[in-house]
Amino acid sequence: MEKNTVSIVRYEKPFESVKKAVDLCGGMDHLPQKAKVFIKPNIVFWTKAVPFPKWGVITTSRVIEDIIVLLKDRGIDDITIGEGIIVFDPKDKETPAHAFKTLGYETLKKKYGVNYINIFDRDFEKVDLGDGIELNFNADILHSDFVVDLPAMKAHNLTKVSLGIKNIKGMIDINSRKKCHSPDPVKNLDFIVSRVADKMPPMLTLIDGIYSLERGPAFDGKMHRSNILVASSDVLSADKVGAKILGYDPSQVPHL
């Protein structure tokens, strides 16, 4: 059986704790020189109408900044942050823009020269995941050289946990997301989610457990200040450890 290194680090200090988690698992050891890097945070929901608690629901922006600094220290200049935020009106461009600005992505762009995109404004490409499953993925992440997967550490009412693998589901288009929720008893949500990370470029997964979320995945869950970071170059290994920390035996999480 193949063994992969997973680091578990207590979050104690900005940048230093993230760097320690990445270094301990060798997460950037295979980062190509002059790589085109795609950062995938987790933004489940956003509204301009009312403020809502984001802790444990949305990837901490400080963690994203710390990853950017680590990449810049390694000479990486081509960095894109990308997410697909679900909105009630597909023509609504203001809500995603408001989310990115409020979360500080505009500041990160000005400070470090990174880009940020709403994937629903970009191209998609069909990917064959086997067993007759084809989903449309954002082309930017598919054509990157390296991915940094930054999920929040949370439970999920449908898939038990939402961690590194589940976070990649945010890179598919609306029709593909609907396919994931097929009533097929075999090719169901867990079956499809288990494959969404299979065709990704080389990837570092860093699970942001500064806050963890019980009864997730949305803002009506119960937040805990947990101060935990989990990192690995193998997303499945990271997720198994993340699930265990959340109190789930990985063997009882169907998509793992």
# chains A, B, ... in the order shown; residues from 1 in each chain; ligands from 1

call {"tool": "select_by_dssp", "arguments": {"residues": "segment 201-245 of chain A", "states": "strand (DSSP E or B)", "output": "ChimeraX atom specification"}}
result
/A:203-214,222-232

call {"tool": "residues_around", "arguments": {"residues": "Val44 of chain A", "least_positions_apart": "2", "cutoff": "12 Å", "atoms": "only C-alpha atoms", "output": "compact mmCIF listing (two decimals) with C-alpha atoms, in the first residue's frame"}}
result
# COMPACT_ATOMS: atom_id res chain seq x y z
CA PRO A 41 -10.50 28.32 -1.76
CA ASN A 42 -13.95 27.35 -0.48
CA TRP A 46 -22.47 34.83 -0.23
CA THR A 47 -25.03 37.59 0.09
CA PRO A 53 -20.78 34.28 10.08
CA LYS A 54 -18.12 32.99 7.71
CA TRP A 55 -15.87 31.19 10.22
CA GLY A 56 -15.62 27.51 9.40
CA VAL A 57 -17.65 28.01 6.22
CA ILE A 58 -15.24 29.97 4.02
CA THR A 59 -11.48 29.52 3.68
CA GLU A 83 -14.05 29.86 -7.24
CA GLY A 84 -17.58 29.36 -8.56
CA ILE A 85 -20.08 30.98 -6.20
CA ILE A 86 -23.68 29.86 -6.60
CA VAL A 87 -26.13 32.76 -6.98
CA PRO A 96 -19.36 37.18 -6.57
CA ALA A 99 -17.51 38.39 -2.11
CA PRO A 151 -10.91 23.69 1.81
CA ALA A 152 -12.40 24.63 5.15
CA LYS A 154 -16.27 20.98 7.96
CA HIS A 156 -21.48 18.08 5.41
CA SER A 162 -16.45 18.50 2.92
CA LYS A 166 -15.29 17.83 -2.19
CA ASN A 167 -13.78 21.31 -2.61
CA LYS A 169 -16.51 19.99 -7.00
CA GLY A 170 -16.64 23.79 -6.98
CA GLY A 216 -22.14 21.99 8.02
CA PRO A 217 -21.57 22.93 5.32
CA ALA A 218 -23.33 26.30 5.55
CA PHE A 219 -23.43 29.22 7.95
CA ASP A 220 -26.20 27.63 10.05

call {"tool": "atom_distance", "arguments": {"atom1": "atom CA of His255 of chain A", "atom2": "atom CA of Ile192 of chain A"}}
result
8.0 Å

call {"tool": "residues_around", "arguments": {"residues": "segment 140-150 of chain A", "least_positions_apart": "3", "cutoff": "7 Å", "atoms": "only C-alpha atoms", "output": "PyMOL selection string"}}
result
chain A and resi 31+35-42+59+164+200-208

call {"tool": "write_last_selection", "arguments": {"atoms": "C-alpha atoms", "output": "PDB file, in the first residue's frame"}}
result
ATOM      1  CA  LEU A  31       6.402  22.592  -7.492  1.00  0.00           C
ATOM      2  CA  ALA A  35       4.654  27.187 -12.605  1.00  0.00           C
ATOM      3  CA  LYS A  36       1.184  28.457 -13.372  1.00  0.00           C
ATOM      4  CA  VAL A  37      -0.547  27.956 -10.002  1.00  0.00           C
ATOM      5  CA  PHE A  38      -4.279  27.821  -9.307  1.00  0.00           C
ATOM      6  CA  ILE A  39      -5.530  28.377  -5.737  1.00  0.00           C
ATOM      7  CA  LYS A  40      -8.963  26.922  -4.962  1.00  0.00           C
ATOM      8  CA  PRO A  41     -10.496  28.319  -1.756  1.00  0.00           C
ATOM      9  CA  ASN A  42     -13.949  27.349  -0.482  1.00  0.00           C
ATOM     10  CA  THR A  59     -11.475  29.525   3.682  1.00  0.00           C
ATOM     11  CA  GLY A 164     -10.107  18.591  -0.232  1.00  0.00           C
ATOM     12  CA  MET A 200      -6.339  17.560 -11.434  1.00  0.00           C
ATOM     13  CA  PRO A 201      -2.734  18.705 -11.985  1.00  0.00           C
ATOM     14  CA  PRO A 202      -0.210  18.024  -9.170  1.00  0.00           C
ATOM     15  CA  MET A 203      -1.825  19.380  -6.043  1.00  0.00           C
ATOM     16  CA  LEU A 204      -1.129  20.467  -2.480  1.00  0.00           C
ATOM     17  CA  THR A 205      -4.105  20.219  -0.148  1.00  0.00           C
ATOM     18  CA  LEU A 206      -4.134  22.379   2.963  1.00  0.00           C
ATOM     19  CA  ILE A 207      -7.249  21.969   5.101  1.00  0.00           C
ATOM     20  CA  ASP A 208      -8.049  25.179   6.958  1.00  0.00           C
TER      21      ASP A 208
END

call {"tool": "atom_distance", "arguments": {"atom1": "atom CA of Tyr248 of chain A", "atom2": "atom CA of Val22 of chain A"}}
result
23.9 Å

call {"tool": "closest_residue", "arguments": {"among": "A:Asp234, A:Lys126, A:Glu214, A:Asn157", "to": "Ser176 of chain A", "atoms": "only C-alpha atoms"}}
result
A:Lys126

call {"tool": "closest_residue", "arguments": {"among": "A:Ser251, A:Lys111, A:Lys199, A:Val18", "to": "Val127 of chain A", "atoms": "only C-alpha atoms"}}
result
A:Lys199

call {"tool": "closest_residue", "arguments": {"among": "A:Val9, A:Ile68, A:Ile133, A:Leu189", "to": "Pro254 of chain A", "atoms": "only C-alpha atoms"}}
result
A:Leu189

call {"tool": "atom_distance", "arguments": {"atom1": "atom CA of Met28 of chain A", "atom2": "atom CA of Val253 of chain A"}}
result
27.9 Å

call {"tool": "select_by_dssp", "arguments": {"residues": "segment 136-231 of chain A", "states": "helix (DSSP H, G or I)", "output": "list of chain:residue names"}}
result
A:Ala139, A:Asp140, A:Ile141, A:Leu142, A:Gly164, A:Ile165, A:Lys166, A:Asn167, A:Ile168, A:Lys169, A:Gly170, A:Met171, A:Ile174, A:Asn175, A:Ser176, A:Arg177, A:Lys178, A:Lys179, A:Cys180, A:Leu189, A:Asp190, A:Phe191, A:Ile192, A:Val193

call {"tool": "residues_around", "arguments": {"residues": "Asn4 of chain A", "least_positions_apart": "4", "cutoff": "10 Å", "atoms": "only C-alpha atoms", "output": "ChimeraX atom specification"}}
result
/A:25,232-238

call {"tool": "write_last_selection", "arguments": {"atoms": "C-alpha atoms", "output": "JSON list (two decimals), in the first residue's frame"}}
result
[["chain", "number", "residue", "atom", "x", "y", "z"],
["A", 25, "CYS", "CA", 4.49, 17.28, 4.30],
["A", 232, "SER", "CA", -0.53, 16.72, 2.16],
["A", 233, "SER", "CA", 0.46, 16.32, -1.47],
["A", 234, "ASP", "CA", -2.10, 13.51, -1.60],
["A", 235, "VAL", "CA", -5.65, 14.84, -1.32],
["A", 236, "LEU", "CA", -7.18, 11.51, -0.26],
["A", 237, "SER", "CA", -4.68, 11.13, 2.57],
["A", 238, "ALA", "CA", -5.33, 14.69, 3.73]]

call {"tool": "closest_residue", "arguments": {"among": "A:Pro32, A:Pro90, A:Pro183, A:Gly132", "to": "Gly75 of chain A", "atoms": "only C-alpha atoms"}}
result
A:Pro32

call {"tool": "closest_residue", "arguments": {"among": "A:Arg10, A:Lys109, A:His181, A:Lys160", "to": "Arg215 of chain A", "atoms": "only C-alpha atoms"}}
result
A:Lys160

call {"tool": "residues_around", "arguments": {"residues": "Asp173 of chain A", "least_positions_apart": "3", "cutoff": "7 Å", "atoms": "only C-alpha atoms", "output": "ChimeraX atom specification"}}
result
/A:136-137,176-177

call {"tool": "write_last_selection", "arguments": {"atoms": "N, CA and C atoms", "output": "mmCIF file, in the first residue's frame"}}
result
data_model
loop_
_atom_site.group_PDB
_atom_site.id
_atom_site.type_symbol
_atom_site.label_atom_id
_atom_site.label_comp_id
_atom_site.auth_asym_id
_atom_site.auth_seq_id
_atom_site.Cartn_x
_atom_site.Cartn_y
_atom_site.Cartn_z
ATOM 1 N N ASN A 136 -18.068 18.965 -16.774
ATOM 2 C CA ASN A 136 -17.411 20.131 -17.355
ATOM 3 C C ASN A 136 -16.652 20.893 -16.279
ATOM 4 N N PHE A 137 -15.324 20.937 -16.413
ATOM 5 C CA PHE A 137 -14.451 21.589 -15.434
ATOM 6 C C PHE A 137 -13.946 22.924 -15.954
ATOM 7 N N SER A 176 -23.149 20.192 -14.569
ATOM 8 C CA SER A 176 -22.375 19.093 -13.979
ATOM 9 C C SER A 176 -22.713 18.923 -12.506
ATOM 10 N N ARG A 177 -22.943 20.033 -11.828
ATOM 11 C CA ARG A 177 -23.330 19.946 -10.414
ATOM 12 C C ARG A 177 -24.677 19.250 -10.266
#

call {"tool": "decode", "arguments": {"residues": "segment 121-134 of chain A", "atoms": "all heavy atoms", "output": "compact mmCIF listing (two decimals), in the first residue's frame"}}
result
# COMPACT_ATOMS: atom_id res chain seq x y z
N ASP A 121 -17.48 32.90 -15.32
CA ASP A 121 -17.16 33.86 -16.38
C ASP A 121 -16.09 33.30 -17.33
O ASP A 121 -15.65 34.00 -18.25
CB ASP A 121 -16.62 35.17 -15.78
CG ASP A 121 -17.67 35.89 -14.96
OD1 ASP A 121 -18.88 35.71 -15.23
OD2 ASP A 121 -17.29 36.63 -14.03
N ARG A 122 -15.67 32.08 -17.10
CA ARG A 122 -14.55 31.50 -17.84
C ARG A 122 -15.01 30.28 -18.65
O ARG A 122 -16.16 29.85 -18.58
CB ARG A 122 -13.44 31.10 -16.85
CG ARG A 122 -13.03 32.19 -15.89
CD ARG A 122 -12.22 33.26 -16.57
NE ARG A 122 -10.92 32.74 -16.96
CZ ARG A 122 -10.00 33.45 -17.59
NH1 ARG A 122 -10.24 34.70 -17.93
NH2 ARG A 122 -8.82 32.91 -17.91
N ASP A 123 -14.07 29.69 -19.38
CA ASP A 123 -14.39 28.53 -20.21
C ASP A 123 -14.40 27.24 -19.38
O ASP A 123 -13.70 27.13 -18.37
CB ASP A 123 -13.36 28.38 -21.34
CG ASP A 123 -13.45 29.50 -22.36
OD1 ASP A 123 -14.55 30.08 -22.51
OD2 ASP A 123 -12.42 29.81 -22.99
N PHE A 124 -15.18 26.27 -19.88
CA PHE A 124 -15.22 24.94 -19.28
C PHE A 124 -14.83 23.91 -20.34
O PHE A 124 -15.03 24.12 -21.53
CB PHE A 124 -16.62 24.63 -18.75
CG PHE A 124 -16.99 25.39 -17.51
CD1 PHE A 124 -17.53 26.66 -17.60
CD2 PHE A 124 -16.78 24.84 -16.26
CE1 PHE A 124 -17.88 27.37 -16.46
CE2 PHE A 124 -17.11 25.54 -15.11
CZ PHE A 124 -17.67 26.82 -15.20
N GLU A 125 -14.27 22.79 -19.86
CA GLU A 125 -13.91 21.70 -20.76
C GLU A 125 -14.45 20.39 -20.19
O GLU A 125 -14.42 20.17 -18.98
CB GLU A 125 -12.39 21.61 -20.90
CG GLU A 125 -11.76 22.79 -21.61
CD GLU A 125 -10.26 22.62 -21.79
OE1 GLU A 125 -9.74 21.52 -21.53
OE2 GLU A 125 -9.60 23.60 -22.18
N LYS A 126 -14.94 19.54 -21.10
CA LYS A 126 -15.49 18.25 -20.68
C LYS A 126 -14.36 17.30 -20.29
O LYS A 126 -13.35 17.18 -20.99
CB LYS A 126 -16.30 17.64 -21.82
CG LYS A 126 -17.03 16.36 -21.45
CD LYS A 126 -17.89 15.87 -22.60
CE LYS A 126 -19.07 16.79 -22.81
NZ LYS A 126 -20.00 16.28 -23.86
N VAL A 127 -14.52 16.63 -19.16
CA VAL A 127 -13.53 15.67 -18.66
C VAL A 127 -14.22 14.33 -18.41
O VAL A 127 -15.26 14.27 -17.77
CB VAL A 127 -12.88 16.18 -17.34
CG1 VAL A 127 -11.92 15.13 -16.78
CG2 VAL A 127 -12.15 17.49 -17.58
N ASP A 128 -13.62 13.29 -18.92
CA ASP A 128 -14.14 11.93 -18.74
C ASP A 128 -13.55 11.36 -17.45
O ASP A 128 -12.34 11.16 -17.34
CB ASP A 128 -13.75 11.07 -19.94
CG ASP A 128 -14.37 9.68 -19.89
OD1 ASP A 128 -14.90 9.29 -18.83
OD2 ASP A 128 -14.32 8.98 -20.92
N LEU A 129 -14.41 11.08 -16.48
CA LEU A 129 -13.97 10.55 -15.20
C LEU A 129 -14.15 9.03 -15.10
O LEU A 129 -13.93 8.44 -14.05
CB LEU A 129 -14.74 11.23 -14.05
CG LEU A 129 -14.55 12.75 -13.94
CD1 LEU A 129 -15.40 13.30 -12.81
CD2 LEU A 129 -13.09 13.10 -13.73
N GLY A 130 -14.53 8.41 -16.22
CA GLY A 130 -14.71 6.96 -16.22
C GLY A 130 -16.12 6.53 -15.87
O GLY A 130 -16.90 7.31 -15.30
N ASP A 131 -16.46 5.30 -16.22
CA ASP A 131 -17.79 4.74 -15.93
C ASP A 131 -18.92 5.60 -16.47
O ASP A 131 -19.99 5.71 -15.86
CB ASP A 131 -17.98 4.52 -14.42
CG ASP A 131 -17.20 3.33 -13.91
OD1 ASP A 131 -17.07 2.34 -14.65
OD2 ASP A 131 -16.70 3.40 -12.77
N GLY A 132 -18.66 6.25 -17.63
CA GLY A 132 -19.71 7.04 -18.26
C GLY A 132 -19.96 8.39 -17.62
O GLY A 132 -20.95 9.06 -17.96
N ILE A 133 -19.08 8.81 -16.72
CA ILE A 133 -19.27 10.10 -16.05
C ILE A 133 -18.42 11.16 -16.74
O ILE A 133 -17.18 11.05 -16.80
CB ILE A 133 -18.88 10.02 -14.56
CG1 ILE A 133 -19.75 8.99 -13.84
CG2 ILE A 133 -19.00 11.39 -13.90
CD1 ILE A 133 -19.28 8.66 -12.45
N GLU A 134 -19.06 12.17 -17.29
CA GLU A 134 -18.38 13.30 -17.90
C GLU A 134 -18.88 14.58 -17.26
O GLU A 134 -20.09 14.82 -17.18
CB GLU A 134 -18.64 13.33 -19.41
CG GLU A 134 -18.04 12.16 -20.17
CD GLU A 134 -18.26 12.26 -21.66
OE1 GLU A 134 -19.25 12.93 -22.06
OE2 GLU A 134 -17.47 11.68 -22.43
